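*Asks:* Structure incoming, see below.
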Amino acid sequence: MNILEMNHIKKKFDEKTVLKDISLSVKEGEVVSIIGPSGSGKSTLLRCATFLERADDGDISYCGEEVVKSQTGIAIYPEKKIIREAQQNFGLVFQNFNLFPHYSVLKNITDAPICNQKRAKDEVFKEARELLKKVGLEDKENAYPCELSGGQQQRVAIARALALKPKMLFFDEPTSALDPAGILRVMKGLAEEKMTMVVVTHEIEFAKAVSDRVVFMDGGVIVEEGTPEEVIDAPKNQRTQEFLKKLGI
């Protein structure tokens, strides 16, 4: 089953076209890495997928349920209630963490499941502590974000996203913080557990190691996609070859 389907997505900012008729689907349990140079539209595609940006045209569906539909060349969005329901399908891990600075680590993770999902506190706290152990921060539940390194904050952000029990996770440059090795270790563990993930990343070795599929974007289009062996080890498109060559790959 496809968790996510995006068809013919287009997006402009003023007169600059950032996404040019992009289609992307993600199967349950699949890890898709999106690579490409800065300004290629990777993060904008992710923001459209998560409704942080409105596409100008195209269709977006989650788990077979159509959320955004193209009509006469315009993306038609439903009422906010429908968007919020669709957002329950995924978690989003931001590049800059977005933790609440005045909340402890444990409260950052438990607040939304308790307040928004109305789940039992005992159950949520138990699961939150298990998630902290999973990301290697079981001794930091009472710490505040300012007391953590960038990498530790990112791992808390991953635990917070998982606490909502999403069907899939989106990551926007998750290893831009310090301690990329710790974050990569957590994400590799999630991949082994068959967590559906879409990862915008500049870490080519990570993309190669854990991805089922790699998507190379450039100039607002998907230039090439396939297995890591196809796209990274033996790219067919000249633009992909030039991009990887600049990175020394």
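Labels for the structure tokens follow display order: chains A, B, ..., residues from 1 in each chain, ligands from 1.
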Tell me, as a PDB file with all heavy atoms, in the first residue's frame, which residues lie within 7 Å of segment 154-168 of chain A, counting only C-alpha atoms; anything in the same chain fewer than 5 positions away does not count.
*Replies:*
```
ATOM      1  N   GLN A  88      -2.270  13.348  10.927  1.00  0.00           N
ATOM      2  CA  GLN A  88      -2.087  12.278  11.908  1.00  0.00           C
ATOM      3  C   GLN A  88      -1.311  11.098  11.318  1.00  0.00           C
ATOM      4  O   GLN A  88      -0.808  10.251  12.048  1.00  0.00           O
ATOM      5  CB  GLN A  88      -3.449  11.784  12.420  1.00  0.00           C
ATOM      6  CG  GLN A  88      -4.264  12.829  13.166  1.00  0.00           C
ATOM      7  CD  GLN A  88      -3.546  13.381  14.376  1.00  0.00           C
ATOM      8  OE1 GLN A  88      -3.076  12.628  15.217  1.00  0.00           O
ATOM      9  NE2 GLN A  88      -3.449  14.694  14.472  1.00  0.00           N
ATOM     10  N   ASN A  89      -1.219  11.051   9.978  1.00  0.00           N
ATOM     11  CA  ASN A  89      -0.518   9.943   9.321  1.00  0.00           C
ATOM     12  C   ASN A  89       0.993  10.034   9.437  1.00  0.00           C
ATOM     13  O   ASN A  89       1.679   9.033   9.266  1.00  0.00           O
ATOM     14  CB  ASN A  89      -0.906   9.884   7.837  1.00  0.00           C
ATOM     15  CG  ASN A  89      -2.317   9.417   7.614  1.00  0.00           C
ATOM     16  OD1 ASN A  89      -2.649   8.271   7.913  1.00  0.00           O
ATOM     17  ND2 ASN A  89      -3.169  10.294   7.104  1.00  0.00           N
ATOM     18  N   PHE A  90       1.520  11.229   9.689  1.00  0.00           N
ATOM     19  CA  PHE A  90       2.973  11.397   9.625  1.00  0.00           C
ATOM     20  C   PHE A  90       3.512  12.226  10.771  1.00  0.00           C
ATOM     21  O   PHE A  90       2.801  13.002  11.405  1.00  0.00           O
ATOM     22  CB  PHE A  90       3.388  12.029   8.289  1.00  0.00           C
ATOM     23  CG  PHE A  90       2.784  13.391   8.026  1.00  0.00           C
ATOM     24  CD1 PHE A  90       3.306  14.539   8.605  1.00  0.00           C
ATOM     25  CD2 PHE A  90       1.698  13.525   7.175  1.00  0.00           C
ATOM     26  CE1 PHE A  90       2.757  15.780   8.367  1.00  0.00           C
ATOM     27  CE2 PHE A  90       1.138  14.772   6.922  1.00  0.00           C
ATOM     28  CZ  PHE A  90       1.669  15.907   7.523  1.00  0.00           C
ATOM     29  N   GLY A  91       4.803  12.035  11.026  1.00  0.00           N
ATOM     30  CA  GLY A  91       5.550  12.899  11.930  1.00  0.00           C
ATOM     31  C   GLY A  91       6.608  13.625  11.124  1.00  0.00           C
ATOM     32  O   GLY A  91       7.051  13.134  10.077  1.00  0.00           O
ATOM     33  N   LEU A  92       7.007  14.779  11.609  1.00  0.00           N
ATOM     34  CA  LEU A  92       7.991  15.597  10.898  1.00  0.00           C
ATOM     35  C   LEU A  92       9.114  15.985  11.847  1.00  0.00           C
ATOM     36  O   LEU A  92       8.865  16.522  12.924  1.00  0.00           O
ATOM     37  CB  LEU A  92       7.324  16.857  10.336  1.00  0.00           C
ATOM     38  CG  LEU A  92       8.198  17.883   9.629  1.00  0.00           C
ATOM     39  CD1 LEU A  92       8.925  17.267   8.441  1.00  0.00           C
ATOM     40  CD2 LEU A  92       7.348  19.064   9.159  1.00  0.00           C
ATOM     41  N   VAL A  93      10.346  15.675  11.447  1.00  0.00           N
ATOM     42  CA  VAL A  93      11.523  16.044  12.231  1.00  0.00           C
ATOM     43  C   VAL A  93      12.218  17.184  11.496  1.00  0.00           C
ATOM     44  O   VAL A  93      12.715  17.018  10.386  1.00  0.00           O
ATOM     45  CB  VAL A  93      12.480  14.848  12.404  1.00  0.00           C
ATOM     46  CG1 VAL A  93      13.711  15.269  13.220  1.00  0.00           C
ATOM     47  CG2 VAL A  93      11.766  13.691  13.093  1.00  0.00           C
ATOM     48  N   PHE A  97      15.069  21.354  14.985  1.00  0.00           N
ATOM     49  CA  PHE A  97      14.527  20.686  16.181  1.00  0.00           C
ATOM     50  C   PHE A  97      13.120  21.160  16.576  1.00  0.00           C
ATOM     51  O   PHE A  97      12.249  20.359  16.806  1.00  0.00           O
ATOM     52  CB  PHE A  97      15.441  20.829  17.401  1.00  0.00           C
ATOM     53  CG  PHE A  97      16.907  20.850  17.111  1.00  0.00           C
ATOM     54  CD1 PHE A  97      17.724  21.833  17.651  1.00  0.00           C
ATOM     55  CD2 PHE A  97      17.487  19.894  16.283  1.00  0.00           C
ATOM     56  CE1 PHE A  97      19.079  21.854  17.386  1.00  0.00           C
ATOM     57  CE2 PHE A  97      18.840  19.907  16.010  1.00  0.00           C
ATOM     58  CZ  PHE A  97      19.634  20.895  16.561  1.00  0.00           C
ATOM     59  N   LEU A  99      12.029  22.188  19.424  1.00  0.00           N
ATOM     60  CA  LEU A  99      11.603  21.763  20.760  1.00  0.00           C
ATOM     61  C   LEU A  99      11.130  22.976  21.550  1.00  0.00           C
ATOM     62  O   LEU A  99      11.561  24.106  21.312  1.00  0.00           O
ATOM     63  CB  LEU A  99      12.775  21.101  21.507  1.00  0.00           C
ATOM     64  CG  LEU A  99      13.369  19.837  20.874  1.00  0.00           C
ATOM     65  CD1 LEU A  99      14.556  19.365  21.700  1.00  0.00           C
ATOM     66  CD2 LEU A  99      12.330  18.743  20.735  1.00  0.00           C
ATOM     67  N   VAL A 105      12.677  17.485  28.541  1.00  0.00           N
ATOM     68  CA  VAL A 105      12.700  16.495  27.460  1.00  0.00           C
ATOM     69  C   VAL A 105      11.449  15.623  27.504  1.00  0.00           C
ATOM     70  O   VAL A 105      10.775  15.411  26.488  1.00  0.00           O
ATOM     71  CB  VAL A 105      13.976  15.632  27.553  1.00  0.00           C
ATOM     72  CG1 VAL A 105      13.850  14.367  26.712  1.00  0.00           C
ATOM     73  CG2 VAL A 105      15.198  16.445  27.132  1.00  0.00           C
ATOM     74  N   ASN A 108       8.357  17.544  26.440  1.00  0.00           N
ATOM     75  CA  ASN A 108       8.364  17.760  24.998  1.00  0.00           C
ATOM     76  C   ASN A 108       7.795  16.552  24.256  1.00  0.00           C
ATOM     77  O   ASN A 108       7.087  16.704  23.262  1.00  0.00           O
ATOM     78  CB  ASN A 108       9.784  18.039  24.510  1.00  0.00           C
ATOM     79  CG  ASN A 108      10.078  19.516  24.326  1.00  0.00           C
ATOM     80  OD1 ASN A 108       9.596  20.156  23.390  1.00  0.00           O
ATOM     81  ND2 ASN A 108      10.865  20.081  25.238  1.00  0.00           N
ATOM     82  N   ILE A 109       8.127  15.354  24.739  1.00  0.00           N
ATOM     83  CA  ILE A 109       7.693  14.128  24.061  1.00  0.00           C
ATOM     84  C   ILE A 109       6.244  13.782  24.392  1.00  0.00           C
ATOM     85  O   ILE A 109       5.499  13.315  23.525  1.00  0.00           O
ATOM     86  CB  ILE A 109       8.623  12.962  24.454  1.00  0.00           C
ATOM     87  CG1 ILE A 109      10.044  13.234  23.946  1.00  0.00           C
ATOM     88  CG2 ILE A 109       8.107  11.635  23.912  1.00  0.00           C
ATOM     89  CD1 ILE A 109      11.088  12.274  24.480  1.00  0.00           C
ATOM     90  N   PRO A 113       0.821  13.801  22.668  1.00  0.00           N
ATOM     91  CA  PRO A 113      -0.020  12.604  22.829  1.00  0.00           C
ATOM     92  C   PRO A 113      -1.078  12.752  23.918  1.00  0.00           C
ATOM     93  O   PRO A 113      -2.196  12.250  23.783  1.00  0.00           O
ATOM     94  CB  PRO A 113       0.995  11.513  23.202  1.00  0.00           C
ATOM     95  CG  PRO A 113       2.283  11.982  22.616  1.00  0.00           C
ATOM     96  CD  PRO A 113       2.252  13.477  22.748  1.00  0.00           C
ATOM     97  N   ALA A 128       7.108   7.016  26.278  1.00  0.00           N
ATOM     98  CA  ALA A 128       8.106   8.079  26.090  1.00  0.00           C
ATOM     99  C   ALA A 128       9.459   7.652  26.646  1.00  0.00           C
ATOM    100  O   ALA A 128      10.504   7.897  26.024  1.00  0.00           O
ATOM    101  CB  ALA A 128       7.639   9.361  26.771  1.00  0.00           C
ATOM    102  N   LEU A 131      10.997   5.265  24.278  1.00  0.00           N
ATOM    103  CA  LEU A 131      11.536   5.972  23.108  1.00  0.00           C
ATOM    104  C   LEU A 131      12.855   6.656  23.447  1.00  0.00           C
ATOM    105  O   LEU A 131      13.789   6.662  22.631  1.00  0.00           O
ATOM    106  CB  LEU A 131      10.523   7.002  22.594  1.00  0.00           C
ATOM    107  CG  LEU A 131       9.304   6.421  21.879  1.00  0.00           C
ATOM    108  CD1 LEU A 131       8.255   7.500  21.643  1.00  0.00           C
ATOM    109  CD2 LEU A 131       9.710   5.776  20.559  1.00  0.00           C
ATOM    110  N   LEU A 132      12.957   7.233  24.651  1.00  0.00           N
ATOM    111  CA  LEU A 132      14.217   7.859  25.057  1.00  0.00           C
ATOM    112  C   LEU A 132      15.334   6.828  25.126  1.00  0.00           C
ATOM    113  O   LEU A 132      16.480   7.111  24.753  1.00  0.00           O
ATOM    114  CB  LEU A 132      14.047   8.568  26.406  1.00  0.00           C
ATOM    115  CG  LEU A 132      13.368   9.935  26.347  1.00  0.00           C
ATOM    116  CD1 LEU A 132      13.084  10.450  27.750  1.00  0.00           C
ATOM    117  CD2 LEU A 132      14.234  10.939  25.589  1.00  0.00           C
ATOM    118  N   VAL A 135      16.544   6.079  21.584  1.00  0.00           N
ATOM    119  CA  VAL A 135      17.415   7.090  20.975  1.00  0.00           C
ATOM    120  C   VAL A 135      18.644   7.381  21.838  1.00  0.00           C
ATOM    121  O   VAL A 135      19.400   8.319  21.571  1.00  0.00           O
ATOM    122  CB  VAL A 135      16.640   8.403  20.669  1.00  0.00           C
ATOM    123  CG1 VAL A 135      15.503   8.138  19.706  1.00  0.00           C
ATOM    124  CG2 VAL A 135      16.144   9.087  21.943  1.00  0.00           C
ATOM    125  N   ILE A 183      22.586  10.320  15.288  1.00  0.00           N
ATOM    126  CA  ILE A 183      21.302  10.444  14.603  1.00  0.00           C
ATOM    127  C   ILE A 183      21.170   9.367  13.533  1.00  0.00           C
ATOM    128  O   ILE A 183      20.117   8.728  13.396  1.00  0.00           O
ATOM    129  CB  ILE A 183      21.161  11.847  13.995  1.00  0.00           C
ATOM    130  CG1 ILE A 183      21.136  12.889  15.127  1.00  0.00           C
ATOM    131  CG2 ILE A 183      19.895  11.968  13.155  1.00  0.00           C
ATOM    132  CD1 ILE A 183      21.453  14.288  14.690  1.00  0.00           C
ATOM    133  N   MET A 195      10.142   1.252   9.502  1.00  0.00           N
ATOM    134  CA  MET A 195       9.430   2.520   9.606  1.00  0.00           C
ATOM    135  C   MET A 195       9.480   3.205   8.246  1.00  0.00           C
ATOM    136  O   MET A 195      10.544   3.322   7.630  1.00  0.00           O
ATOM    137  CB  MET A 195      10.106   3.417  10.654  1.00  0.00           C
ATOM    138  CG  MET A 195       9.400   4.734  10.878  1.00  0.00           C
ATOM    139  SD  MET A 195       7.856   4.482  11.794  1.00  0.00           S
ATOM    140  CE  MET A 195       7.010   6.023  11.480  1.00  0.00           C
ATOM    141  N   THR A 196       8.337   3.622   7.759  1.00  0.00           N
ATOM    142  CA  THR A 196       8.279   4.346   6.487  1.00  0.00           C
ATOM    143  C   THR A 196       8.895   5.726   6.687  1.00  0.00           C
ATOM    144  O   THR A 196       8.496   6.465   7.596  1.00  0.00           O
ATOM    145  CB  THR A 196       6.826   4.492   6.009  1.00  0.00           C
ATOM    146  OG1 THR A 196       6.206   3.202   6.014  1.00  0.00           O
ATOM    147  CG2 THR A 196       6.767   5.084   4.604  1.00  0.00           C
ATOM    148  N   MET A 197       9.876   6.087   5.854  1.00  0.00           N
ATOM    149  CA  MET A 197      10.563   7.364   6.030  1.00  0.00           C
ATOM    150  C   MET A 197      10.849   8.020   4.684  1.00  0.00           C
ATOM    151  O   MET A 197      11.182   7.341   3.712  1.00  0.00           O
ATOM    152  CB  MET A 197      11.881   7.169   6.782  1.00  0.00           C
ATOM    153  CG  MET A 197      11.725   6.711   8.218  1.00  0.00           C
ATOM    154  SD  MET A 197      13.298   6.706   9.141  1.00  0.00           S
ATOM    155  CE  MET A 197      14.048   5.189   8.527  1.00  0.00           C
TER     156      MET A 197
END
```
*Asks:* With only C-alpha atoms as the counted atoms, please give the residues lying no more than 6 Å from Val26 of chain A, apart from itself and same-chain residues fewer than 3 positions off, as a PyMOL selection string.
*Replies:* chain A and resi 2-4
*Asks:* May I have the selected residues written with N, CA, C and O atoms, as an mmCIF file, in the first residue's frame?
*Replies:*
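Wrote result.cif, looks like this:
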```cif
data_model
loop_
_atom_site.group_PDB
_atom_site.id
_atom_site.type_symbol
_atom_site.label_atom_id
_atom_site.label_comp_id
_atom_site.auth_asym_id
_atom_site.auth_seq_id
_atom_site.Cartn_x
_atom_site.Cartn_y
_atom_site.Cartn_z
ATOM 1 N N ASN A 2 0.461 2.243 -0.759
ATOM 2 C CA ASN A 2 1.158 3.518 -0.735
ATOM 3 C C ASN A 2 0.666 4.357 0.439
ATOM 4 O O ASN A 2 -0.531 4.647 0.546
ATOM 5 N N ILE A 3 1.570 4.731 1.320
ATOM 6 C CA ILE A 3 1.215 5.653 2.411
ATOM 7 C C ILE A 3 0.994 7.051 1.830
ATOM 8 O O ILE A 3 0.040 7.743 2.178
ATOM 9 N N LEU A 4 1.883 7.461 0.935
ATOM 10 C CA LEU A 4 1.825 8.803 0.347
ATOM 11 C C LEU A 4 1.813 8.708 -1.168
ATOM 12 O O LEU A 4 2.561 7.932 -1.758
#
```
*Asks:* Just want the 9 Å neighbourhood of Glu225 of chain A, counted on only C-alpha atoms, with same-chain residues fewer than 5 positions away dropped. Output as a PyMOL selection string.
*Replies:* chain A and resi 213-217+230-231
*Asks:* Can you write out the residues you just picked, keeping N, CA, C and O atoms, as a tab-separated table (two decimals), in the first residue's frame?
*Replies:*
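Produced file selection.tsv, reproduced below:
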```
chain	number	residue	atom	x	y	z
A	213	ARG	N	14.99	3.42	-1.90
A	213	ARG	CA	14.95	4.18	-3.14
A	213	ARG	C	15.58	5.54	-2.91
A	213	ARG	O	15.41	6.14	-1.85
A	214	VAL	N	16.32	6.00	-3.90
A	214	VAL	CA	16.94	7.32	-3.85
A	214	VAL	C	16.36	8.15	-4.99
A	214	VAL	O	16.27	7.69	-6.13
A	215	VAL	N	15.96	9.38	-4.65
A	215	VAL	CA	15.42	10.32	-5.63
A	215	VAL	C	16.39	11.47	-5.76
A	215	VAL	O	16.74	12.12	-4.77
A	216	PHE	N	16.86	11.73	-6.97
A	216	PHE	CA	17.75	12.87	-7.22
A	216	PHE	C	16.95	13.99	-7.86
A	216	PHE	O	16.36	13.82	-8.93
A	217	MET	N	16.92	15.15	-7.18
A	217	MET	CA	16.21	16.33	-7.68
A	217	MET	C	17.20	17.40	-8.10
A	217	MET	O	18.24	17.59	-7.47
A	230	GLU	N	21.58	1.93	-8.27
A	230	GLU	CA	21.31	2.53	-9.58
A	230	GLU	C	21.64	4.02	-9.60
A	230	GLU	O	22.28	4.51	-10.55
A	231	VAL	N	21.22	4.76	-8.57
A	231	VAL	CA	21.33	6.22	-8.60
A	231	VAL	C	22.69	6.71	-8.11
A	231	VAL	O	23.26	7.64	-8.67
```
*Asks:* With distances taken over only C-alpha atoms, which of A:Lys133, A:His8, A:Arg47, A:Arg185 is nearest to Ser25 of chain A?
*Replies:*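 The closest residue to Ser25 of chain A is A:His8.
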*Asks:* For a quick check of understanding, using only C-alpha atoms, which of A:Leu45, A:Ile249, A:Leu148, A:Glu28 has the smallest distance to Pro235 of chain A?
*Replies:*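 Once distances to Pro235 of chain A are computed over only C-alpha atoms, the minimum belongs to A:Ile249.
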*Asks:* Pick from A:Glu79, A:Glu65, A:Glu141, A:Glu30: nearest to Met6 of chain A, with only C-alpha atoms counted?
*Replies:*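 Smallest distance to Met6 of chain A is found for A:Glu65.
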